[in-house]
file upload02.csv (CSV, C-alpha atoms and all ligand atoms)
chain,number,residue,atom,x,y,z
A,1,MET,CA,10.3,-1.9,-11.9
A,2,ALA,CA,9.3,1.7,-12.2
A,3,VAL,CA,12.3,4.0,-11.7
A,4,ALA,CA,10.1,6.2,-9.5
A,5,LEU,CA,9.7,3.4,-7.0
A,6,GLN,CA,13.4,2.6,-6.8
A,7,ASN,CA,14.1,6.3,-5.9
A,8,LEU,CA,11.4,6.1,-3.2
A,9,PHE,CA,12.8,2.9,-1.7
A,10,GLN,CA,16.2,4.6,-1.5
A,11,LYS,CA,14.7,7.6,0.3
A,12,ALA,CA,12.9,5.3,2.8
A,13,GLY,CA,16.1,3.4,3.4
A,14,SER,CA,15.0,0.1,1.9
A,15,LYS,CA,12.2,-1.5,-0.1
A,16,THR,CA,10.7,-3.1,3.0
A,17,ASN,CA,10.8,0.2,4.9
A,18,PHE,CA,8.8,1.8,2.1
A,19,LEU,CA,6.3,-1.0,1.8
A,20,GLN,CA,5.5,-0.8,5.5
A,21,GLY,CA,5.3,3.0,5.7
A,22,LYS,CA,8.5,3.2,7.8
A,23,PHE,CA,9.4,6.7,6.6
A,24,GLU,CA,8.3,10.3,6.8
A,25,SER,CA,6.2,12.0,4.2
A,26,LYS,CA,8.4,15.1,4.1
A,27,ASN,CA,11.2,14.8,1.5
A,28,THR,CA,9.8,11.5,0.1
A,29,LEU,CA,6.2,12.4,-1.0
A,30,ARG,CA,4.7,15.5,-2.6
A,31,GLU,CA,2.3,17.2,-0.3
A,32,PHE,CA,-1.2,18.2,-1.2
A,33,GLN,CA,-3.5,20.6,0.6
A,34,ASN,CA,-7.2,20.9,0.0
A,35,PRO,CA,-8.0,24.6,-0.8
A,36,GLY,CA,-8.5,26.5,2.4
A,37,ASP,CA,-7.3,23.7,4.6
A,38,THR,CA,-3.9,23.5,6.4
A,39,ARG,CA,-3.8,19.7,6.6
A,40,ILE,CA,-1.1,18.0,4.5
A,41,HIS,CA,-1.7,14.9,2.4
A,42,GLY,CA,1.4,13.1,1.1
A,43,LEU,CA,1.3,11.4,-2.3
A,44,ILE,CA,3.9,10.0,-4.7
A,45,PRO,CA,4.6,12.9,-7.2
A,46,GLU,CA,3.1,10.9,-10.2
A,47,VAL,CA,0.0,10.2,-8.1
A,48,TYR,CA,-0.2,13.9,-7.1
A,49,ASN,CA,-0.2,14.9,-10.8
A,50,LYS,CA,-2.9,12.4,-11.7
A,51,TRP,CA,-5.0,13.4,-8.7
A,52,ILE,CA,-4.9,17.0,-9.8
A,53,GLU,CA,-5.9,16.0,-13.4
A,54,MET,CA,-8.8,14.0,-12.1
A,55,LEU,CA,-9.9,16.7,-9.7
A,56,THR,CA,-9.8,19.3,-12.5
A,57,ALA,CA,-11.8,17.0,-14.9
A,58,PHE,CA,-14.5,16.4,-12.2
A,59,GLU,CA,-15.0,20.1,-11.6
A,60,LYS,CA,-15.4,20.6,-15.4
A,61,GLU,CA,-17.7,17.6,-16.0
A,62,LYS,CA,-20.0,17.6,-13.0
A,63,SER,CA,-23.5,19.0,-13.4
A,64,PRO,CA,-23.6,22.8,-13.0
A,65,ASN,CA,-25.9,22.7,-10.0
A,66,TYR,CA,-23.9,20.0,-8.1
A,67,LYS,CA,-22.4,21.6,-5.0
A,68,GLN,CA,-20.0,19.0,-3.8
A,69,THR,CA,-16.3,19.3,-4.5
A,70,MET,CA,-13.8,16.4,-4.3
A,71,PHE,CA,-11.2,16.6,-1.5
A,72,ILE,CA,-8.8,14.3,0.3
A,73,VAL,CA,-9.7,13.3,3.9
A,74,SER,CA,-6.6,11.1,4.4
A,75,SER,CA,-3.7,9.8,2.2
A,76,PHE,CA,-0.3,8.8,3.5
A,77,ARG,CA,-0.1,7.4,7.0
A,78,ASN,CA,3.2,6.1,8.3
A,79,TYR,CA,3.8,3.0,10.4
A,80,LYS,CA,3.8,4.8,13.7
A,81,HIS,CA,0.5,6.5,12.9
A,82,GLN,CA,-1.2,3.2,11.8
A,83,LYS,CA,0.2,1.5,15.0
A,84,ALA,CA,-1.5,4.2,17.1
A,85,ILE,CA,-4.9,3.8,15.3
A,86,TRP,CA,-4.6,0.0,15.6
A,87,GLU,CA,-3.7,0.0,19.3
A,88,SER,CA,-6.3,2.5,20.3
A,89,LYS,CA,-8.9,0.1,18.9
A,90,TYR,CA,-7.2,-3.0,20.3
A,91,THR,CA,-7.3,-1.5,23.8
A,92,GLY,CA,-10.8,-0.2,23.5
A,93,SER,CA,-9.9,3.5,23.9
A,94,LYS,CA,-11.3,4.1,20.4
A,95,PRO,CA,-14.8,2.7,20.1
A,96,MET,CA,-15.8,0.3,17.4
A,97,ARG,CA,-19.1,-1.3,16.2
A,98,GLU,CA,-19.2,-3.4,19.3
A,99,PRO,CA,-17.4,-2.9,22.7
A,100,ILE,CA,-14.3,-5.1,23.2
A,101,LYS,CA,-15.3,-6.2,26.7
A,102,GLY,CA,-15.4,-10.0,27.1
A,103,LYS,CA,-13.9,-10.5,23.6
A,104,THR,CA,-10.9,-12.7,22.8
A,105,PRO,CA,-7.9,-11.1,21.1
A,106,LYS,CA,-9.0,-12.8,17.8
A,107,GLU,CA,-12.5,-11.4,18.1
A,108,ILE,CA,-11.1,-7.9,18.8
A,109,ILE,CA,-8.8,-8.2,15.8
A,110,ASP,CA,-11.8,-9.2,13.5
A,111,LEU,CA,-13.6,-6.1,14.6
A,112,ILE,CA,-10.6,-3.8,13.9
A,113,LEU,CA,-10.1,-5.4,10.5
A,114,GLU,CA,-13.5,-4.5,9.3
A,115,PHE,CA,-12.1,-1.0,8.5
A,116,SER,CA,-8.6,-0.6,9.8
A,117,SER,CA,-5.3,-2.2,8.8
A,118,ALA,CA,-2.6,-3.6,11.0
A,119,PRO,CA,0.6,-1.5,11.1
A,120,GLY,CA,2.8,-2.3,8.0
A,121,THR,CA,-0.1,-3.7,6.0
A,122,SER,CA,-2.0,-0.5,5.0
A,123,ARG,CA,-2.3,0.8,1.5
A,124,HIS,CA,-2.1,4.2,3.1
A,125,HIS,CA,1.6,3.5,3.6
A,126,TRP,CA,2.4,3.8,-0.1
A,127,GLY,CA,1.5,7.3,-1.2
A,128,THR,CA,-0.7,5.8,-3.8
A,129,ASP,CA,-4.0,5.6,-1.9
A,130,PHE,CA,-6.3,8.2,-0.3
A,131,ASP,CA,-9.8,8.6,1.1
A,132,ILE,CA,-12.1,11.2,-0.3
A,133,ASN,CA,-14.9,13.3,1.2
A,134,SER,CA,-16.6,11.1,3.8
A,135,LEU,CA,-15.8,7.8,5.6
A,136,ASP,CA,-19.4,6.7,5.2
A,137,ASN,CA,-20.7,4.6,2.3
A,138,GLY,CA,-24.1,6.2,2.7
A,139,TYR,CA,-22.7,9.6,1.6
A,140,PHE,CA,-21.8,8.0,-1.8
A,141,GLU,CA,-25.0,6.1,-2.3
A,142,LYS,CA,-28.4,7.0,-3.9
A,143,GLY,CA,-29.9,9.8,-1.7
A,144,GLY,CA,-26.5,10.8,-0.3
A,145,LYS,CA,-24.7,14.1,-1.1
A,146,GLY,CA,-21.8,12.3,-2.7
A,147,TYR,CA,-23.9,10.1,-5.1
A,148,GLU,CA,-23.1,12.1,-8.2
A,149,LEU,CA,-19.4,12.2,-7.3
A,150,TYR,CA,-19.3,8.5,-6.8
A,151,SER,CA,-21.1,7.8,-10.0
A,152,TRP,CA,-18.6,10.0,-11.8
A,153,MET,CA,-15.7,8.2,-10.1
A,154,THR,CA,-16.9,4.7,-11.0
A,155,LYS,CA,-17.2,5.8,-14.7
A,156,ASN,CA,-14.1,8.1,-15.0
A,157,ALA,CA,-11.5,7.4,-12.3
A,158,SER,CA,-9.9,4.7,-14.4
A,159,ARG,CA,-9.1,7.4,-17.1
A,160,PHE,CA,-6.6,8.7,-14.7
A,161,GLY,CA,-5.4,5.3,-13.4
A,162,PHE,CA,-7.5,5.2,-10.2
A,163,CYS,CA,-9.6,2.3,-8.9
A,164,GLN,CA,-11.6,1.4,-5.8
A,165,PRO,CA,-9.7,-1.5,-4.1
A,166,TYR,CA,-12.3,-2.3,-1.5
A,167,ASN,CA,-15.4,-2.9,-3.5
A,168,SER,CA,-18.3,-5.2,-2.4
A,169,LEU,CA,-17.0,-8.1,-0.3
A,170,SER,CA,-19.1,-10.5,-2.3
A,171,LEU,CA,-16.9,-9.7,-5.4
A,172,ARG,CA,-13.8,-10.7,-3.3
A,173,ASN,CA,-15.0,-14.1,-2.0
A,174,GLY,CA,-15.9,-12.5,1.4
A,175,VAL,CA,-12.2,-12.0,2.2
A,176,GLY,CA,-10.6,-8.8,3.5
A,177,TYR,CA,-11.9,-5.3,4.4
A,178,HIS,CA,-15.5,-4.3,4.0
A,179,GLU,CA,-16.5,-2.1,1.1
A,180,GLU,CA,-15.0,1.5,1.2
A,181,LYS,CA,-16.5,3.8,-1.4
A,182,TRP,CA,-14.2,6.6,-0.2
A,183,HIS,CA,-10.9,4.8,-0.7
A,184,TRP,CA,-9.2,5.2,-4.1
A,185,SER,CA,-5.9,3.9,-5.4
A,186,TYR,CA,-3.5,4.7,-8.2
A,187,ARG,CA,-3.2,1.4,-9.9
A,188,PRO,CA,-0.1,1.7,-12.1
A,189,LEU,CA,2.1,2.0,-8.9
A,190,ALA,CA,-0.1,0.4,-6.2
A,191,SER,CA,-0.5,-2.8,-8.2
A,192,GLU,CA,3.3,-3.2,-8.3
A,193,LEU,CA,3.7,-2.3,-4.6
A,194,ARG,CA,1.0,-4.9,-3.6
A,195,ASN,CA,2.9,-7.6,-5.5
A,196,LEU,CA,6.2,-6.6,-3.9
A,197,TRP,CA,4.5,-6.6,-0.4
A,198,ILE,CA,3.2,-10.1,-1.0
A,199,GLN,CA,6.6,-11.3,-2.2
A,200,GLU,CA,8.4,-9.8,0.8
A,201,PHE,CA,5.9,-11.1,3.3
A,202,LYS,CA,6.1,-14.6,1.8
A,203,SER,CA,9.9,-14.6,1.9
A,204,GLY,CA,9.9,-13.5,5.6
A,205,ASN,CA,11.3,-10.0,5.1
A,206,ILE,CA,8.1,-8.4,6.2
A,207,LYS,CA,6.9,-9.7,9.6
A,208,MET,CA,4.0,-8.9,11.9
A,209,SER,CA,5.7,-7.9,15.2
A,210,ASP,CA,6.1,-5.1,17.8
A,211,TYR,CA,2.4,-4.1,18.1
A,212,LYS,CA,-0.4,-5.4,20.3
A,213,GLY,CA,-2.1,-8.5,18.8
A,214,SER,CA,0.6,-9.0,16.1
A,215,ASP,CA,1.1,-12.6,17.2
A,216,VAL,CA,-2.6,-13.3,16.8
A,217,LEU,CA,-2.9,-11.7,13.4
A,218,GLY,CA,0.0,-13.6,11.9
A,219,ASP,CA,-0.4,-14.8,8.3
A,220,ARG,CA,-3.9,-13.3,8.0
A,221,ALA,CA,-2.2,-10.1,7.1
A,222,LEU,CA,-1.5,-11.6,3.7
A,223,ASP,CA,-5.2,-12.1,3.0
A,224,TYR,CA,-6.0,-8.5,3.8
A,225,VAL,CA,-3.2,-7.1,1.6
A,226,SER,CA,-4.1,-9.5,-1.3
A,227,SER,CA,-7.9,-9.0,-1.3
A,228,VAL,CA,-8.6,-6.1,-3.6
A,229,ALA,CA,-10.9,-5.5,-6.5
A,230,LEU,CA,-9.8,-7.2,-9.8
A,231,GLU,CA,-9.4,-3.8,-11.5
A,232,CYS,CA,-6.8,-2.8,-8.9
A,233,GLN,CA,-4.7,-5.9,-9.2
B,301,ZN,ZN,-8.5,4.4,3.2
call {"tool": "encode", "arguments": {"input": "upload02.csv", "output": "structure tokens", "more": "lines below"}}
Ligand SMILES: [Zn+2]
result
Amino acid sequence: MAVALQNLFQKAGSKTNFLQGKFESKNTLREFQNPGDTRIHGLIPEVYNKWIEMLTAFEKEKSPNYKQTMFIVSSFRNYKHQKAIWESKYTGSKPMREPIKGKTPKEIIDLILEFSSAPGTSRHHWGTDFDINSLDNGYFEKGGKGYELYSWMTKNASRFGFCQPYNSLSLRNGVGYHEEKWHWSYRPLASELRNLWIQEFKSGNIKMSDYKGSDVLGDRALDYVSSVALECQ
């Protein structure tokens, strides 16, 4: 296993703590700020370096008249933060595509899982993954402001080790999260973390508990962590 990961597990208290985001960004991750922005985005130091390299290359290689820059909207989120997002959707305080009124717990969970992960199962727990520019696929598609950026990413992100884990659902047998053109991942470390997560879940060291709906989600958590684009595995 990468030495970098062993150090991080130690800082988080244990391997399973790290895999479930049960640690604080400070002292464990390197913190990135978009120019002119005060928000802090935690990344594993190796991921931070590769992100800067990619960012610099994009600025150099994009068309001279292209106005969009690449920036991080969200990277590391800890367990507590993910639990708050999940429960705000589960209880209906944060609206989703359809209202939760009259729905069974399973139906509510299906709605949440279109775009959000259960606490302990998010790739945002690892310091390897981040969202860029806009949480809207249309932004990255033909006619959208981010079209050139996305075209550049699909051709060049792999030069720096990055891949898009949530590609078209049809390429993933219809299993898992919907497509997210904004979500990118550092494969050299995330692939290893995904394998470890699956291993620890199967051996019962990672369990779904202590959040609303966790008993209903159960083993489906495994499908959602497993289902990523081939190039991210
Ligand atoms: Zn994301």
call {"tool": "closest_residue", "arguments": {"input": "upload02.csv", "among": "A:Leu169, A:Val73, A:Met153, A:Ala84", "to": "Glu114 in chain A", "atoms": "all atoms listed in the file"}}
result
A:Leu169
call {"tool": "residues_near_ligand", "arguments": {"input": "upload02.csv", "ligand": "ligand ZN 301 (chain B)", "cutoff": "6 Å", "atoms": "all atoms listed in the file", "output": "ChimeraX atom specification"}}
result
/A:130-131,183
call {"tool": "write_last_selection", "arguments": {"input": "upload02.csv", "atoms": "C-alpha atoms", "output": "mmCIF file, keeping the file's coordinate frame"}}
result
data_model
loop_
_atom_site.group_PDB
_atom_site.id
_atom_site.type_symbol
_atom_site.label_atom_id
_atom_site.label_comp_id
_atom_site.auth_asym_id
_atom_site.auth_seq_id
_atom_site.Cartn_x
_atom_site.Cartn_y
_atom_site.Cartn_z
ATOM 1 C CA PHE A 130 -6.300 8.200 -0.300
ATOM 2 C CA ASP A 131 -9.800 8.600 1.100
ATOM 3 C CA HIS A 183 -10.900 4.800 -0.700
#
call {"tool": "closest_residue", "arguments": {"input": "upload02.csv", "among": "A:Ser117, A:Ser75, A:Ser226, A:Asn167", "to": "Glu87 in chain A", "atoms": "only C-alpha atoms"}}
result
A:Ser117
call {"tool": "atom_distance", "arguments": {"input": "upload02.csv", "atom1": "CA of Gln82 in chain A", "atom2": "CA of Ile100 in chain A"}}
result
19.2 Å
call {"tool": "closest_residue", "arguments": {"input": "upload02.csv", "among": "A:Ser116, A:Thr69, A:Thr56, A:Asn137", "to": "Ser168 in chain A", "atoms": "only C-alpha atoms"}}
result
A:Asn137
call {"tool": "closest_residue", "arguments": {"input": "upload02.csv", "among": "A:Leu8, A:Arg97, A:Leu222, A:Asp129", "to": "Gln199 in chain A", "atoms": "all atoms listed in the file"}}
result
A:Leu222
call {"tool": "residues_near_point", "arguments": {"input": "upload02.csv", "point": "(-9.1, -0.6, 13.1)", "cutoff": "10 Å", "atoms": "only C-alpha atoms", "output": "VMD selection string"}}
result
chain A and resid 82 to 90 94 to 96 108 to 119
call {"tool": "axis_aligned_box", "arguments": {"input": "upload02.csv", "around": "range 94-97 of chain A", "padding_each_side": "6 Å", "output": "lines of an AutoDock Vina configuration file"}}
result
center_x = -15.2
center_y = 1.4
center_z = 18.3
size_x = 19.8
size_y = 17.4
size_z = 16.2
call {"tool": "closest_residue", "arguments": {"input": "upload02.csv", "among": "A:Pro188, A:Leu193, A:Arg123, A:Tyr139", "to": "Tyr224 in chain A", "atoms": "only C-alpha atoms"}}
result
A:Arg123
call {"tool": "atom_distance", "arguments": {"input": "upload02.csv", "atom1": "CA of Gln164 in chain A", "atom2": "CA of Glu231 in chain A"}}
result
8.0 Å
call {"tool": "residues_around", "arguments": {"input": "upload02.csv", "residues": "Leu171 in chain A", "least_positions_apart": "4", "cutoff": "12 Å", "atoms": "all atoms listed in the file", "output": "number ranges by chain"}}
result
A: 165-167, 175-179, 227-231
call {"tool": "residues_around", "arguments": {"input": "upload02.csv", "residues": "Asn205 in chain A", "least_positions_apart": "2", "cutoff": "12 Å", "atoms": "all atoms listed in the file", "output": "PyMOL selection string"}}
result
chain A and resi 14-17+19-20+120+196-203+207-209
call {"tool": "closest_residue", "arguments": {"input": "upload02.csv", "among": "A:Val216, A:Ala221, A:Ala57, A:Leu5", "to": "Trp126 in chain A", "atoms": "only C-alpha atoms"}}
result
A:Leu5
call {"tool": "atom_distance", "arguments": {"input": "upload02.csv", "atom1": "CA of Ser25 in chain A", "atom2": "CA of Arg39 in chain A"}}
result
12.8 Å
call {"tool": "residues_around", "arguments": {"input": "upload02.csv", "residues": "Ser63 in chain A", "least_positions_apart": "5", "cutoff": "12 Å", "atoms": "only C-alpha atoms", "output": "short mmCIF file (atom, residue, chain, number, x, y, z; two decimals) with C-alpha atoms, in the coordinates of the input"}}
result
data_model
loop_
_atom_site.label_atom_id
_atom_site.label_comp_id
_atom_site.auth_asym_id
_atom_site.auth_seq_id
_atom_site.Cartn_x
_atom_site.Cartn_y
_atom_site.Cartn_z
CA ALA A 57 -11.80 17.00 -14.90
CA PHE A 58 -14.50 16.40 -12.20
CA GLN A 68 -20.00 19.00 -3.80
CA THR A 69 -16.30 19.30 -4.50
CA GLU A 148 -23.10 12.10 -8.20
CA LEU A 149 -19.40 12.20 -7.30
CA SER A 151 -21.10 7.80 -10.00
CA TRP A 152 -18.60 10.00 -11.80
#
call {"tool": "residues_around", "arguments": {"input": "upload02.csv", "residues": "Asn7 in chain A", "least_positions_apart": "6", "cutoff": "12 Å", "atoms": "only C-alpha atoms", "output": "ChimeraX atom specification"}}
result
/A:1,13-15,18,27-29,44-45
call {"tool": "residues_around", "arguments": {"input": "upload02.csv", "residues": "Phe32 in chain A", "least_positions_apart": "6", "cutoff": "8 Å", "atoms": "all atoms listed in the file", "output": "PyMOL selection string"}}
result
chain A and resi 40-43+48
call {"tool": "write_last_selection", "arguments": {"input": "upload02.csv", "atoms": "C-alpha atoms", "output": "tab-separated table (two decimals), keeping the file's coordinate frame"}}
result
chain	number	residue	atom	x	y	z
A	40	ILE	CA	-1.10	18.00	4.50
A	41	HIS	CA	-1.70	14.90	2.40
A	42	GLY	CA	1.40	13.10	1.10
A	43	LEU	CA	1.30	11.40	-2.30
A	48	TYR	CA	-0.20	13.90	-7.10
